[in-house]
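Engineer: This is the structure I want to talk about, given as structure tokens.
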Amino acid sequence: MSEILKSHNTDVLVNALPTGSNAASEFYASAALKANCAFINCIPSPICQSSEFQSKFLERRLPLFGDDIKSQIGTTIVHRSLLHMLETRGARLAWTSQINIGGNTDFANFVHRAETKLVSKRKSLARYVSGAEVHVGHHYDPTKGPYKHAMIELEAWVFATSRVKISLRLESDDKPNCAGSLVDLIRLAQAARDRGIGGPISEVCAFYMKSPPNPMDDTEALENLYHNWNTSSSCSTSPAESR
């Protein structure tokens, strides 16, 4: 595999295998190392979270981005935004749930290999849900077709222990919805590779991935992206502007 990558002068390798392809993801990450490629792990398999792969990519001065890409406007970022709003407004979360239903092959795969996805989803919310009851679920329904149908619900206490309930429905086709994020990641990976920056880049992984090695608030990650990359001679525009 590494010889094929070298023969095509590949600079950035993107892993978009089906969820649960852990061994295959490790194989392609190793091939990227041998071929001197940056590696973007778009699925939940713990590649960027692996200290072994972090060290190897850092040593080779090759960028490593992961794990589990966020859509441009997807369930994860919408759910996190609602939870962040509760936090900044001084509300206390009682419980929250996120149910995702889809009829494409990705959701069909979840019937048998959803565990890494569920771990990734829970990790993406962990920053905001300490002490609250949380449920995340994925369900396959072939009648839904290519679109994902997501339901987000939460209940919180506000002043004088009054209750507030929020219910939100989101529909999207995850393929084009995550394409904008992936374009940004490829540009950033190439820019980092050109500058000899290896290993995970915290603000990139935190902003674009559900399970980054160093989680941070989305606003903080975006501010760091603008500060560290908008002024770079390797990037003529900021990641957000590329959309």
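For the structure tokens, the naming scheme is as follows: chains receive sequential letters (A, B, ...) according to their order of presentation, residues are indexed from 1 within each chain, and ligands are indexed from 1 in presentation order.
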With a distance cut-off of 10 Å and only C-alpha atoms, select the neighbouring residues of Arg61 (chain A), excluding the residue or stretch itself and same-chain residues fewer than 3 positions from it, and output the selection as a PyMOL selection string.

Structural biologist: chain A and resi 33+36-38+55-58+64+192-199

Engineer: For the alpha helix (DSSP H) assignment from backbone DSSP, which residues of region 113-181 of chain A qualify? Please present them as a ChimeraX atom specification.

Structural biologist: /A:113,115-125,174-181

Engineer: Near Phe65 (chain A), counting only C-alpha atoms, which residues have an atom at most 12 Å away, once you skip same-chain residues fewer than 6 positions from it, shown as number ranges by chain?

Structural biologist: A: 12-15, 29, 37-44, 46-50, 53-54, 57-58, 182, 184-190, 192-193, 197-214

Engineer: When you count only C-alpha atoms, which of these residues is closest to Lys6 (chain A): A:Ala31, A:Leu170, A:Ala23, A:Ile77?

Structural biologist: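 Residue with the minimum atom-to-atom distance to Lys6 (chain A): A:Ala31.
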
Engineer: Just list as a ChimeraX atom specification whatever in region 27-177 of chain A DSSP marks as strand (DSSP E).

Structural biologist: /A:38-41,64-65,92-102,133-140,148-157,163-172

Engineer: Would you save the residues of that selection, restricted to C-alpha atoms, as a PDB file, in the first residue's frame?

Structural biologist:
ATOM      1  CA  ALA A  38      -0.418  13.202   6.405  1.00  0.00           C
ATOM      2  CA  PHE A  39      -3.354  11.147   7.727  1.00  0.00           C
ATOM      3  CA  ILE A  40      -6.951  12.260   8.367  1.00  0.00           C
ATOM      4  CA  ASN A  41      -9.062   9.737  10.288  1.00  0.00           C
ATOM      5  CA  LEU A  64      -2.324  13.379  12.123  1.00  0.00           C
ATOM      6  CA  PHE A  65      -5.959  14.543  12.378  1.00  0.00           C
ATOM      7  CA  ARG A  92     -28.132  23.046  35.224  1.00  0.00           C
ATOM      8  CA  LEU A  93     -28.634  20.082  32.910  1.00  0.00           C
ATOM      9  CA  ALA A  94     -30.885  17.306  34.258  1.00  0.00           C
ATOM     10  CA  TRP A  95     -30.878  14.933  31.270  1.00  0.00           C
ATOM     11  CA  THR A  96     -30.360  14.892  27.534  1.00  0.00           C
ATOM     12  CA  SER A  97     -30.774  12.420  24.690  1.00  0.00           C
ATOM     13  CA  GLN A  98     -29.706  12.203  21.062  1.00  0.00           C
ATOM     14  CA  ILE A  99     -31.298   9.685  18.688  1.00  0.00           C
ATOM     15  CA  ASN A 100     -30.038   9.286  15.118  1.00  0.00           C
ATOM     16  CA  ILE A 101     -32.072   7.321  12.536  1.00  0.00           C
ATOM     17  CA  GLY A 102     -31.000   6.690   8.941  1.00  0.00           C
ATOM     18  CA  GLU A 133     -28.359  11.470  32.602  1.00  0.00           C
ATOM     19  CA  VAL A 134     -27.322  11.002  28.958  1.00  0.00           C
ATOM     20  CA  HIS A 135     -28.538   8.703  26.181  1.00  0.00           C
ATOM     21  CA  VAL A 136     -27.160   8.432  22.626  1.00  0.00           C
ATOM     22  CA  GLY A 137     -28.545   5.976  20.087  1.00  0.00           C
ATOM     23  CA  HIS A 138     -28.305   5.006  16.411  1.00  0.00           C
ATOM     24  CA  HIS A 139     -31.039   3.128  14.574  1.00  0.00           C
ATOM     25  CA  TYR A 140     -31.301   1.754  11.036  1.00  0.00           C
ATOM     26  CA  LYS A 148     -30.289  11.148   8.722  1.00  0.00           C
ATOM     27  CA  HIS A 149     -33.154  12.076  11.036  1.00  0.00           C
ATOM     28  CA  ALA A 150     -31.936  13.193  14.456  1.00  0.00           C
ATOM     29  CA  MET A 151     -33.859  14.113  17.579  1.00  0.00           C
ATOM     30  CA  ILE A 152     -32.190  16.040  20.398  1.00  0.00           C
ATOM     31  CA  GLU A 153     -33.965  16.575  23.716  1.00  0.00           C
ATOM     32  CA  LEU A 154     -32.847  18.062  26.999  1.00  0.00           C
ATOM     33  CA  GLU A 155     -34.238  19.253  30.297  1.00  0.00           C
ATOM     34  CA  ALA A 156     -32.551  21.739  32.616  1.00  0.00           C
ATOM     35  CA  TRP A 157     -33.150  23.655  35.830  1.00  0.00           C
ATOM     36  CA  ARG A 163     -37.718  23.397  34.486  1.00  0.00           C
ATOM     37  CA  VAL A 164     -36.930  24.164  30.837  1.00  0.00           C
ATOM     38  CA  LYS A 165     -37.335  21.532  28.114  1.00  0.00           C
ATOM     39  CA  ILE A 166     -35.943  21.767  24.579  1.00  0.00           C
ATOM     40  CA  SER A 167     -36.720  19.401  21.700  1.00  0.00           C
ATOM     41  CA  LEU A 168     -35.035  19.760  18.315  1.00  0.00           C
ATOM     42  CA  ARG A 169     -35.263  17.810  15.053  1.00  0.00           C
ATOM     43  CA  LEU A 170     -32.494  17.809  12.440  1.00  0.00           C
ATOM     44  CA  GLU A 171     -32.440  16.248   8.984  1.00  0.00           C
ATOM     45  CA  SER A 172     -29.339  16.102   6.810  1.00  0.00           C
TER      46      SER A 172
END

Engineer: Calculated over only C-alpha atoms, which of the candidates A:Met1, A:Cys178, A:Ala108, A:Thr10 has the smallest distance to Phe27 (chain A)?

Structural biologist: A:Met1
